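This report concerns only the one structure given below.
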Amino acid sequence: MKAYGVNELRKMFLEYFESKDHLAMNSFSLVPHNDNSLLLINSGMAPLKPYFTGQEIPPRKRVTTCQKCIRTGDIENVGKTARHGTFFEMLGNFSFGDYFKSEAIAWTWEFLTEVVGLDADRLYPSVYENDDEAFEIWNKEIGIPAERIFRFGKADNFWEHGSGPCGPCSEVYYDRGEKYGCSNPDCTVGCDCDRYMEIWNNVFTQFSSDGNGNYEELTQKNIDTGMGLERLAAAVQDVDSIFDVDTVKALRDKVCEIARVNYKEDEIRDISIRLITDHIRSATFMISDGIMPTNEGRGYVLRRIIRRASRHGRLLGIKGTFLAKLSETVIMESKDGYPELDEKKDFIFNVLTQEENKFDKTIDQGLTILSELIEKAEAVSNKVLAGDDAFKLYDTYGFPIDLTKEILEEKAMTVDEDGFKSCMQEQKEKARAARKVTNYMGADVTVYEEIDPGITTEFVGYDNLSVESKITVLTTDSEITDALTEGEVGTIIVDQTPFYATMGGQNADAGKISTADGEFVVEDTIKLLGGKVGHVGHVVKGMLKKGDRVLLSVDEKRRNDTCKNHSATHLLQKALRTVLGSHVEQAGSFVDGERLRFDFSHFSALSKEEIVKVESIVNEQIAAGLSVQTQVMTIEDAKKSGAMALFGEKYGDTVRVVKMGDFSTELCGGTHVKNTGNIASFKILSESGVAAGVRRIEALTGNGVTQYYHAMEESLAEAAKALKTNPSNLVEKIEHLQAELKALQSENESLKSKAAKDALGDVMNQMKEVKGVSYIAARADGVDMNGLRDLGDQLKNKISEGVIVLVSETEGKVNLIAMATEQAMSKGAHAGNLIKGIAGFVGGGGGGRPNMAQAGGKDPAGIDKAIEQVGMVLEAQL
């Protein structure tokens, strides 16, 4: 048997099933589409759920994929064993109501034995204990002896996830040989050791479950196959684990090279080597699909993965940032199957390095706080760090619990792990309670699920704003109906529509749908599963019925203004790349008839000069009157033309390319102006940060810019009127007023200083002495804190050496200040402790440095008592 590499096996699998009339589809994004039940795609079938449920019609009844997947349920064990990992590739062949068990099992056997060349005598199938049909196929059609076919129960060989489609499984195990076994004479298929490895799993979805143990036979039976690519490679290459297969080993070796260590020499180091090897694969693929490190959702999963890898790099002694170097190896080894990795490599490297640098700052903060917590615990002879403190370090500062434990051990301390777990559980329960109620698909349950999946809508709105069509479906909020009458709210679906549904960052069209007798106001247009477009609104006149011929009319002004804003975002993206660099990628956008919002990847705020330059470039291209051309072509031809694609977007075989002269070329399904001159003008309103490494620009075009300047003119006119001048003299008037204000403020400060001196009176004759240190303690009512500081400085200069304490009542509240000279401090005087000692008499608290401190209080009745106590408190310090 040839030891095929990972990339060879992936290609062999897809080509084999293409020869069996399967459509080979590219891997879907790791970001689930219309599935709230998942943070990340975790299996080959997950993105295909709509085809299994019948909500969408598949492009072909036979499909094959190699799907990138991430699972983090066992993330704490990653590295500790060679079995666990967060990233893997899942090979799959799928049938949607086409072939079933006989073909699926036959092709399983043929691929493993004849294509890959695994020894048939080392392969052992398993079936669900009651699935006699699968047993017979393996036994009689494939020719496997009965004693080599294993029957397992529901826990092992029945796939079920709540209510919905489910069914028995048939797995194939590969005997890797005694060297991987447990030496138990009874060791066989199902043993927990590494000898018998499950490499293939056929799921026969033939039932529908109500979630309560009741099953009905499905009319359309499906096949869902899963086979871990790395697992297959481990068997074919006869290596210990997934960390030893060719592509992963190359990455593992790179980790060792950077850390200057060897694998399999130290068990503790091996944990870090495996963890980094796994985590950088996950991080690289997640970022390539547009996921950014954040503190929530899938962004938090990415942040946690990056930080765990970064911290284990420290444990291996790696200095500085290193994850981008490793990501380069991930891309090199995986780009054959995932070319998007190479296309996005600069962006991936930037995100990784920025997050590593950010963690360096966070972990230092965490270390400081942990040191303070240790000092407090030691002060009271406490040897256990509270669980909630450990959780705060973990949750707020990204501080791993194992690092906390390690540092505590050096101080002969431990952590309350039960308390930590309790806090963690509480957080998980809060998150679980916040989840939406979903159906089997993980999407919000709506009336739209009841619509025939064969019904579709053709969008004809690129060139038409008014179209006649036929109503195919009407719904209320809760049910499909045959008619909607005046006052009713609902959704209309038609054969053809000029209405653009919210998609790709462009807001939906609005308008009306009418017949001779009825009129429906369209308030929103939504994209539904299966290529349907829903027109959401209410009936304002008469009635509309299923089957009616209707006239659909888009709000022309709103559409035109939206087109201006959308086309401007294309010009803006190219201008940003021109000014800031090619690392700029669209991270999100929103355009409607009012304004545009554009999010993009960049790691610092734009300077005023950069904003002006970007705005100028966009306006230059508007003034140039560039022709806007659209063309439908293959994705390959589009990329060759230099068209920009969106992060995480799933494109079909053909795409729409929008070209604006020779300046901008992008893949885009939205609506646009015919010529950039139609945009008229462009004005940036703001530039801000919205997430780590993501900036946002908000801007206006056309009429919006005109209205913006009209509003500014009105504001200037109002301001000029208030200052009794005209707009052209407004700046001069403001400068004159500022000069007057400055003079008045100076005069006011002088008067306040004089009033403070008068309030204090002559206090030099009130000077007292205790243990050779002179001090003045006096009252100066009506003087604020700034005034007290000025008086204190003046008195300190007069007495040369000693202590000053001043107290004031102002509007029912108390201000206190204390000052000590160098000589007084050398004898033990401490202004901060002195303030603490007397503030309690006025119902306050405070403190400060040895030379100066201040406090506030709320009980003026205690002022005299506080002044009396100054001498006693000071004496205790000396």
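All residue names refer to the structure tokens as shown: chains lettered A, B, ... in order, residues numbered from 1 in each chain, ligands numbered from 1 in order.
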Exercise for the section: Would you kindly return, as a PyMOL selection string, each protein, DNA or RNA residue with an atom no farther than 6 Å from any atom of stretch 470-481 of chain A, considering only C-alpha atoms and excluding same-chain residues fewer than 3 positions away? Expected result: chain A and resi 447+490-495+546-549
Restricting it to N, CA, C and O atoms, dump the selection as a tab-separated table (two decimals), in the first residue's frame.
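Saved result, again_10.tsv, follows:
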```tsv
chain	number	residue	atom	x	y	z
A	447	VAL	N	-42.99	30.90	9.49
A	447	VAL	CA	-44.01	30.36	8.59
A	447	VAL	C	-43.40	29.99	7.24
A	447	VAL	O	-43.92	29.13	6.52
A	490	GLY	N	-48.51	40.95	6.09
A	490	GLY	CA	-48.11	39.65	5.56
A	490	GLY	C	-46.93	39.73	4.61
A	490	GLY	O	-46.24	40.74	4.52
A	491	THR	N	-46.71	38.62	3.89
A	491	THR	CA	-45.61	38.51	2.94
A	491	THR	C	-46.15	37.99	1.62
A	491	THR	O	-46.98	37.08	1.59
A	492	ILE	N	-45.66	38.59	0.53
A	492	ILE	CA	-46.06	38.17	-0.81
A	492	ILE	C	-44.83	37.63	-1.53
A	492	ILE	O	-43.77	38.25	-1.52
A	493	ILE	N	-45.01	36.47	-2.19
A	493	ILE	CA	-43.95	35.89	-3.02
A	493	ILE	C	-44.49	35.79	-4.44
A	493	ILE	O	-45.64	35.39	-4.65
A	494	VAL	N	-43.66	36.18	-5.42
A	494	VAL	CA	-44.08	36.19	-6.83
A	494	VAL	C	-43.04	35.44	-7.67
A	494	VAL	O	-41.96	35.08	-7.21
A	495	ASP	N	-43.40	35.23	-8.97
A	495	ASP	CA	-42.48	34.53	-9.89
A	495	ASP	C	-41.25	35.38	-10.19
A	495	ASP	O	-40.12	34.88	-10.18
A	546	LYS	N	-53.76	34.74	-4.03
A	546	LYS	CA	-52.82	33.83	-4.67
A	546	LYS	C	-53.26	33.64	-6.12
A	546	LYS	O	-54.44	33.43	-6.41
A	547	GLY	N	-52.32	33.74	-7.05
A	547	GLY	CA	-52.63	33.60	-8.47
A	547	GLY	C	-52.92	34.90	-9.17
A	547	GLY	O	-52.95	34.95	-10.41
A	548	ASP	N	-53.11	36.02	-8.42
A	548	ASP	CA	-53.36	37.32	-9.04
A	548	ASP	C	-52.16	37.78	-9.87
A	548	ASP	O	-51.00	37.56	-9.49
A	549	ARG	N	-52.45	38.44	-11.01
A	549	ARG	CA	-51.40	39.15	-11.73
A	549	ARG	C	-51.25	40.51	-11.07
A	549	ARG	O	-52.24	41.21	-10.86
```
Practice task
Excluding stretch 698-703 of chain A and any residue of its chain fewer than 4 positions from it, enumerate the residues within 12 Å of it, using only C-alpha atoms, and give them as a PyMOL selection string.
Solution key: chain A and resi 557-558+560-569+571-572+589-600+611+614-615+618-619+622+673+676-690+707-710
Problem - Pick from A:Arg298, A:Val115, A:Glu556, A:Ala259, whichever lies nearest to A:Lys2 using only C-alpha atoms - result: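 Of A:Arg298, A:Val115, A:Glu556, A:Ala259, the one nearest A:Lys2 is A:Val115, counting only C-alpha atoms.
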Exercise for the section: Per DSSP on the backbone, filter stretch 318-446 of chain A down to the residues in strand (DSSP E or B) and report them as a list of chain:residue names. Expected result: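 In stretch 318-446 of chain A, DSSP puts these residues in strand (DSSP E or B): A:Val384, A:Leu385, A:Thr414, A:Val415, A:Thr438, A:Asp444.
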Please save all heavy atoms of the selected residues as a PDB file, in the first residue's frame.
```pdb
ATOM      1  N   VAL A 384      -5.251  29.958  49.735  1.00  0.00           N
ATOM      2  CA  VAL A 384      -6.129  29.577  48.625  1.00  0.00           C
ATOM      3  C   VAL A 384      -6.673  30.837  47.941  1.00  0.00           C
ATOM      4  O   VAL A 384      -7.272  31.686  48.598  1.00  0.00           O
ATOM      5  CB  VAL A 384      -7.309  28.701  49.104  1.00  0.00           C
ATOM      6  CG1 VAL A 384      -8.189  28.303  47.919  1.00  0.00           C
ATOM      7  CG2 VAL A 384      -6.797  27.460  49.825  1.00  0.00           C
ATOM      8  N   LEU A 385      -6.448  30.952  46.633  1.00  0.00           N
ATOM      9  CA  LEU A 385      -6.997  32.071  45.869  1.00  0.00           C
ATOM     10  C   LEU A 385      -8.464  31.799  45.570  1.00  0.00           C
ATOM     11  O   LEU A 385      -8.825  30.698  45.127  1.00  0.00           O
ATOM     12  CB  LEU A 385      -6.224  32.250  44.555  1.00  0.00           C
ATOM     13  CG  LEU A 385      -6.687  33.405  43.661  1.00  0.00           C
ATOM     14  CD1 LEU A 385      -6.327  34.747  44.287  1.00  0.00           C
ATOM     15  CD2 LEU A 385      -6.073  33.306  42.269  1.00  0.00           C
ATOM     16  N   THR A 414      -2.714  27.502  46.405  1.00  0.00           N
ATOM     17  CA  THR A 414      -3.568  26.795  45.447  1.00  0.00           C
ATOM     18  C   THR A 414      -4.726  27.702  45.061  1.00  0.00           C
ATOM     19  O   THR A 414      -4.871  28.803  45.603  1.00  0.00           O
ATOM     20  CB  THR A 414      -4.127  25.488  46.053  1.00  0.00           C
ATOM     21  OG1 THR A 414      -4.885  25.821  47.228  1.00  0.00           O
ATOM     22  CG2 THR A 414      -3.009  24.532  46.417  1.00  0.00           C
ATOM     23  N   VAL A 415      -5.548  27.226  44.148  1.00  0.00           N
ATOM     24  CA  VAL A 415      -6.718  27.993  43.726  1.00  0.00           C
ATOM     25  C   VAL A 415      -7.974  27.189  44.051  1.00  0.00           C
ATOM     26  O   VAL A 415      -7.966  25.947  44.013  1.00  0.00           O
ATOM     27  CB  VAL A 415      -6.657  28.315  42.216  1.00  0.00           C
ATOM     28  CG1 VAL A 415      -6.712  27.054  41.392  1.00  0.00           C
ATOM     29  CG2 VAL A 415      -7.776  29.269  41.800  1.00  0.00           C
ATOM     30  N   THR A 438     -34.739  27.464  18.438  1.00  0.00           N
ATOM     31  CA  THR A 438     -34.512  27.157  17.033  1.00  0.00           C
ATOM     32  C   THR A 438     -35.120  25.813  16.678  1.00  0.00           C
ATOM     33  O   THR A 438     -35.469  25.016  17.535  1.00  0.00           O
ATOM     34  CB  THR A 438     -33.004  27.098  16.717  1.00  0.00           C
ATOM     35  OG1 THR A 438     -32.423  26.006  17.451  1.00  0.00           O
ATOM     36  CG2 THR A 438     -32.296  28.381  17.120  1.00  0.00           C
ATOM     37  N   ASP A 444     -34.394  30.443  13.292  1.00  0.00           N
ATOM     38  CA  ASP A 444     -35.643  30.789  13.953  1.00  0.00           C
ATOM     39  C   ASP A 444     -36.807  30.138  13.199  1.00  0.00           C
ATOM     40  O   ASP A 444     -36.867  30.164  11.972  1.00  0.00           O
ATOM     41  CB  ASP A 444     -35.833  32.311  13.960  1.00  0.00           C
ATOM     42  CG  ASP A 444     -34.755  32.996  14.772  1.00  0.00           C
ATOM     43  OD1 ASP A 444     -34.161  32.326  15.621  1.00  0.00           O
ATOM     44  OD2 ASP A 444     -34.509  34.194  14.534  1.00  0.00           O
TER      45      ASP A 444
END
```
Exercise for the section: Skip stretch 299-313 of chain A itself and residues of its chain fewer than 5 positions away, then list as a list in words all residues within 6 Å of it, counting only C-alpha atoms. Expected result: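 Listing them by chain and then by number gives Ser272, Ile276, His279, Met292, Pro293, Thr294 and Ile318 of chain A.
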Give me a file of those residues, with N, CA, C and O atoms, as a PDB file, in the first residue's frame.
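Listing of result-v9.pdb after writing:
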```pdb
ATOM      1  N   SER A 272       2.798  21.244  24.674  1.00  0.00           N
ATOM      2  CA  SER A 272       2.812  22.566  24.042  1.00  0.00           C
ATOM      3  C   SER A 272       2.998  22.460  22.537  1.00  0.00           C
ATOM      4  O   SER A 272       2.363  23.193  21.766  1.00  0.00           O
ATOM      5  N   ILE A 276       0.109  23.902  20.009  1.00  0.00           N
ATOM      6  CA  ILE A 276       0.395  24.976  19.052  1.00  0.00           C
ATOM      7  C   ILE A 276       0.136  24.486  17.629  1.00  0.00           C
ATOM      8  O   ILE A 276      -0.460  25.193  16.812  1.00  0.00           O
ATOM      9  N   HIS A 279      -3.702  24.376  17.174  1.00  0.00           N
ATOM     10  CA  HIS A 279      -4.392  25.669  17.285  1.00  0.00           C
ATOM     11  C   HIS A 279      -4.071  26.620  16.128  1.00  0.00           C
ATOM     12  O   HIS A 279      -4.939  27.396  15.703  1.00  0.00           O
ATOM     13  N   MET A 292     -12.819  37.371  13.194  1.00  0.00           N
ATOM     14  CA  MET A 292     -11.830  38.211  13.875  1.00  0.00           C
ATOM     15  C   MET A 292     -11.849  37.913  15.375  1.00  0.00           C
ATOM     16  O   MET A 292     -12.899  37.575  15.931  1.00  0.00           O
ATOM     17  N   PRO A 293     -10.714  38.054  16.047  1.00  0.00           N
ATOM     18  CA  PRO A 293     -10.677  37.825  17.504  1.00  0.00           C
ATOM     19  C   PRO A 293     -11.518  38.866  18.244  1.00  0.00           C
ATOM     20  O   PRO A 293     -11.315  40.065  18.073  1.00  0.00           O
ATOM     21  N   THR A 294     -12.490  38.399  19.046  1.00  0.00           N
ATOM     22  CA  THR A 294     -13.331  39.293  19.855  1.00  0.00           C
ATOM     23  C   THR A 294     -13.587  38.611  21.190  1.00  0.00           C
ATOM     24  O   THR A 294     -13.044  37.555  21.476  1.00  0.00           O
ATOM     25  N   ILE A 318       9.824  30.457  23.330  1.00  0.00           N
ATOM     26  CA  ILE A 318       9.835  31.268  22.102  1.00  0.00           C
ATOM     27  C   ILE A 318       9.696  32.743  22.477  1.00  0.00           C
ATOM     28  O   ILE A 318       8.803  33.127  23.231  1.00  0.00           O
TER      29      ILE A 318
END
```
Exercise for the section: Identify, with DSSP run on backbone atoms, the residues in stretch 234-323 of chain A assigned to helix (DSSP H, G or I), and express the list as number ranges by chain. Expected result: A: 234-237, 242-244, 246-259, 267-288, 297-315, 323
Practice task
Find the residue from A:Val127, A:Gly487, A:Met764, A:Ala820 that sits nearest to A:Lys798; use only C-alpha atoms when measuring.
Solution key: A:Met764
Problem - Closest of A:Ser601, A:Gln621, A:Asn815, A:Gln67 to A:Gly290 - atom-to-atom distances counting only C-alpha atoms - result: A:Ser601
Practice task
Could you check which of A:Ser27, A:Lys608, A:Lys545, A:Trp138 is closest to A:Asp482, using only C-alpha atoms?
Solution key: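 Ranking A:Ser27, A:Lys608, A:Lys545, A:Trp138 by distance to A:Asp482, first place goes to A:Lys545.
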Counting only C-alpha atoms, which residues in stretch 197-285 of chain A sit no more than 12 Å from stretch 340-351 of chain A? For each one, give the nearest pair of atoms and the distance in Å, sorted by chain then residue number, as a tab-separated table.
```
residue	atom	partner	partner_atom	distance
A:Ile280	CA	A:Ile348	CA	10.9
A:Arg281	CA	A:Leu341	CA	11.1
A:Ser282	CA	A:Ile348	CA	11.8
A:Ala283	CA	A:Ile348	CA	8.8
A:Thr284	CA	A:Ile348	CA	6.5
A:Phe285	CA	A:Leu341	CA	7.3
```
Output file for the residues above (all heavy atoms, as an mmCIF file, in the first residue's frame):
```cif
data_model
loop_
_atom_site.group_PDB
_atom_site.id
_atom_site.type_symbol
_atom_site.label_atom_id
_atom_site.label_comp_id
_atom_site.auth_asym_id
_atom_site.auth_seq_id
_atom_site.Cartn_x
_atom_site.Cartn_y
_atom_site.Cartn_z
ATOM 1 N N ILE A 280 -2.843 26.572 15.618
ATOM 2 C CA ILE A 280 -2.526 27.499 14.525
ATOM 3 C C ILE A 280 -3.243 27.088 13.247
ATOM 4 O O ILE A 280 -3.574 27.929 12.402
ATOM 5 C CB ILE A 280 -1.000 27.590 14.294
ATOM 6 C CG1 ILE A 280 -0.666 28.732 13.333
ATOM 7 C CG2 ILE A 280 -0.422 26.296 13.773
ATOM 8 C CD1 ILE A 280 -1.156 30.098 13.768
ATOM 9 N N ARG A 281 -3.563 25.799 13.100
ATOM 10 C CA ARG A 281 -4.365 25.367 11.955
ATOM 11 C C ARG A 281 -5.776 25.970 12.060
ATOM 12 O O ARG A 281 -6.289 26.553 11.100
ATOM 13 C CB ARG A 281 -4.461 23.842 11.890
ATOM 14 C CG ARG A 281 -3.147 23.137 11.647
ATOM 15 C CD ARG A 281 -3.311 21.611 11.667
ATOM 16 N NE ARG A 281 -3.877 21.113 10.421
ATOM 17 C CZ ARG A 281 -4.616 20.030 10.315
ATOM 18 N NH1 ARG A 281 -4.926 19.330 11.406
ATOM 19 N NH2 ARG A 281 -5.070 19.625 9.148
ATOM 20 N N SER A 282 -6.384 25.830 13.237
ATOM 21 C CA SER A 282 -7.732 26.392 13.433
ATOM 22 C C SER A 282 -7.734 27.893 13.212
ATOM 23 O O SER A 282 -8.594 28.429 12.512
ATOM 24 C CB SER A 282 -8.222 26.083 14.855
ATOM 25 O OG SER A 282 -8.597 24.737 14.981
ATOM 26 N N ALA A 283 -6.777 28.582 13.829
ATOM 27 C CA ALA A 283 -6.739 30.049 13.740
ATOM 28 C C ALA A 283 -6.580 30.506 12.294
ATOM 29 O O ALA A 283 -7.263 31.433 11.835
ATOM 30 C CB ALA A 283 -5.601 30.592 14.596
ATOM 31 N N THR A 284 -5.698 29.853 11.553
ATOM 32 C CA THR A 284 -5.450 30.246 10.157
ATOM 33 C C THR A 284 -6.722 30.103 9.323
ATOM 34 O O THR A 284 -7.102 31.020 8.576
ATOM 35 C CB THR A 284 -4.324 29.381 9.553
ATOM 36 O OG1 THR A 284 -3.122 29.599 10.310
ATOM 37 C CG2 THR A 284 -4.081 29.747 8.098
ATOM 38 N N PHE A 285 -7.401 28.977 9.444
ATOM 39 C CA PHE A 285 -8.611 28.751 8.654
ATOM 40 C C PHE A 285 -9.749 29.677 9.092
ATOM 41 O O PHE A 285 -10.522 30.161 8.262
ATOM 42 C CB PHE A 285 -9.038 27.287 8.749
ATOM 43 C CG PHE A 285 -8.336 26.389 7.777
ATOM 44 C CD1 PHE A 285 -7.115 25.808 8.095
ATOM 45 C CD2 PHE A 285 -8.885 26.123 6.536
ATOM 46 C CE1 PHE A 285 -6.453 24.981 7.204
ATOM 47 C CE2 PHE A 285 -8.230 25.291 5.630
ATOM 48 C CZ PHE A 285 -7.004 24.726 5.961
#
```
Exercise for the section: Write out as a list in words each polymer residue whose atoms come within 10 Å of A:Leu232, counting only C-alpha atoms; drop sequence neighbours fewer than 2 positions from it. Expected result: Tyr4, Gly5, Val6, Leu9, Arg10, Leu91, Leu112, Val116, Tyr174, Met197, Glu198, Ile199, Trp200, Met227, Gly228, Leu229, Glu230, Ala234, Ala235, Val236, Gln237, Asp238, Ile242 and Val245 of chain A
File of the preceding selection, C-alpha atoms, as a PDB file, in the first residue's frame:
```
ATOM      1  CA  TYR A   4      -0.504   8.650   0.208  1.00  0.00           C
ATOM      2  CA  GLY A   5      -0.238  12.216   1.526  1.00  0.00           C
ATOM      3  CA  VAL A   6      -3.139  14.263   2.884  1.00  0.00           C
ATOM      4  CA  LEU A   9      -6.085  11.474  -0.373  1.00  0.00           C
ATOM      5  CA  ARG A  10      -8.387  14.510  -0.524  1.00  0.00           C
ATOM      6  CA  LEU A  91     -14.522  13.892   3.664  1.00  0.00           C
ATOM      7  CA  LEU A 112     -10.890   1.880   0.931  1.00  0.00           C
ATOM      8  CA  VAL A 116      -6.566   3.600  -1.328  1.00  0.00           C
ATOM      9  CA  TYR A 174      -9.114  -0.365  10.561  1.00  0.00           C
ATOM     10  CA  MET A 197      -9.386   3.104  14.452  1.00  0.00           C
ATOM     11  CA  GLU A 198     -12.789   4.180  13.118  1.00  0.00           C
ATOM     12  CA  ILE A 199     -12.109   5.718   9.714  1.00  0.00           C
ATOM     13  CA  TRP A 200     -15.513   5.796   7.935  1.00  0.00           C
ATOM     14  CA  MET A 227     -14.544  10.310   7.154  1.00  0.00           C
ATOM     15  CA  GLY A 228     -11.803  12.300   8.904  1.00  0.00           C
ATOM     16  CA  LEU A 229      -9.116  13.037   6.334  1.00  0.00           C
ATOM     17  CA  GLU A 230      -6.318  13.182   8.902  1.00  0.00           C
ATOM     18  CA  ALA A 234      -2.739   8.246   9.812  1.00  0.00           C
ATOM     19  CA  ALA A 235      -3.931   4.758   8.847  1.00  0.00           C
ATOM     20  CA  VAL A 236      -2.546   4.916   5.304  1.00  0.00           C
ATOM     21  CA  GLN A 237       0.817   6.349   6.397  1.00  0.00           C
ATOM     22  CA  ASP A 238       0.991   3.974   9.408  1.00  0.00           C
ATOM     23  CA  ILE A 242      -2.831  12.929  13.321  1.00  0.00           C
ATOM     24  CA  VAL A 245       0.681  12.680   9.133  1.00  0.00           C
TER      25      VAL A 245
END
```
Problem - Polymer residues at most 12 Å from A:Phe603, only C-alpha atoms, same-chain spacing of 3 or more positions, as a PyMOL selection string - result: chain A and resi 347+350-355+358+580-581+583-585+600+606+688-696
Output C-alpha atoms for every residue in that selection, as a PDB file, in the first residue's frame.
```
ATOM      1  CA  PHE A 347      -4.335  39.533   6.189  1.00  0.00           C
ATOM      2  CA  ASN A 350      -1.557  40.678  10.325  1.00  0.00           C
ATOM      3  CA  VAL A 351      -4.460  39.474  12.479  1.00  0.00           C
ATOM      4  CA  LEU A 352      -2.340  36.826  14.208  1.00  0.00           C
ATOM      5  CA  THR A 353       0.496  39.238  14.991  1.00  0.00           C
ATOM      6  CA  GLN A 354      -1.838  41.967  16.261  1.00  0.00           C
ATOM      7  CA  GLU A 355      -3.604  39.507  18.572  1.00  0.00           C
ATOM      8  CA  LYS A 358      -2.438  42.442  22.394  1.00  0.00           C
ATOM      9  CA  LEU A 580      -3.412  52.564   3.156  1.00  0.00           C
ATOM     10  CA  GLY A 581      -2.147  49.452   1.342  1.00  0.00           C
ATOM     11  CA  HIS A 583      -3.999  44.651   3.310  1.00  0.00           C
ATOM     12  CA  VAL A 584      -7.308  46.547   3.366  1.00  0.00           C
ATOM     13  CA  GLU A 585     -10.202  44.090   3.004  1.00  0.00           C
ATOM     14  CA  PHE A 600     -12.506  47.432   6.594  1.00  0.00           C
ATOM     15  CA  LEU A 606      -6.727  57.109   9.836  1.00  0.00           C
ATOM     16  CA  SER A 688     -13.805  55.000  13.936  1.00  0.00           C
ATOM     17  CA  GLY A 689     -12.830  51.595  15.305  1.00  0.00           C
ATOM     18  CA  VAL A 690     -15.517  48.918  15.708  1.00  0.00           C
ATOM     19  CA  ALA A 691     -13.472  45.803  16.599  1.00  0.00           C
ATOM     20  CA  ALA A 692      -9.907  44.589  16.847  1.00  0.00           C
ATOM     21  CA  GLY A 693      -8.277  45.406  13.526  1.00  0.00           C
ATOM     22  CA  VAL A 694     -11.511  46.718  11.980  1.00  0.00           C
ATOM     23  CA  ARG A 695     -12.200  50.394  11.169  1.00  0.00           C
ATOM     24  CA  ARG A 696     -15.460  51.968  10.009  1.00  0.00           C
TER      25      ARG A 696
END
```
Practice task
Kindly indicate which residue among A:Gly837, A:Val489, A:Phe150, A:Asp388 lies nearest to A:Gln427, using only C-alpha atoms for the distances.
Solution key: A:Asp388
Within 10 Å of stretch 332-339 of chain A, counting only C-alpha atoms, which residues qualify if same-chain residues fewer than 5 places away don't, as an mmCIF file with C-alpha atoms, in the first residue's frame?
```
data_model
loop_
_atom_site.group_PDB
_atom_site.id
_atom_site.type_symbol
_atom_site.label_atom_id
_atom_site.label_comp_id
_atom_site.auth_asym_id
_atom_site.auth_seq_id
_atom_site.Cartn_x
_atom_site.Cartn_y
_atom_site.Cartn_z
ATOM 1 C CA VAL A 6 -3.139 14.263 2.884
ATOM 2 C CA ASN A 7 -3.477 16.348 -0.285
ATOM 3 C CA GLU A 8 -3.408 13.205 -2.459
ATOM 4 C CA ARG A 10 -8.387 14.510 -0.524
ATOM 5 C CA LYS A 11 -8.083 14.604 -4.325
ATOM 6 C CA ASN A 26 -15.881 23.382 -2.475
ATOM 7 C CA SER A 27 -15.726 23.464 1.308
ATOM 8 C CA CYS A 66 -14.087 17.930 1.842
ATOM 9 C CA LYS A 68 -13.036 22.194 6.961
ATOM 10 C CA ASP A 246 2.694 14.479 6.443
ATOM 11 C CA THR A 247 1.105 17.950 6.373
ATOM 12 C CA VAL A 248 0.617 18.186 10.135
ATOM 13 C CA ALA A 250 5.597 19.519 8.622
ATOM 14 C CA LEU A 251 3.863 22.068 10.844
ATOM 15 C CA ARG A 281 -4.365 25.367 11.955
ATOM 16 C CA PHE A 285 -8.611 28.751 8.654
ATOM 17 C CA SER A 288 -9.336 33.122 6.241
ATOM 18 C CA LEU A 326 3.674 28.955 11.601
ATOM 19 C CA SER A 327 0.617 30.080 9.649
ATOM 20 C CA LYS A 344 -5.604 35.988 2.204
#
```
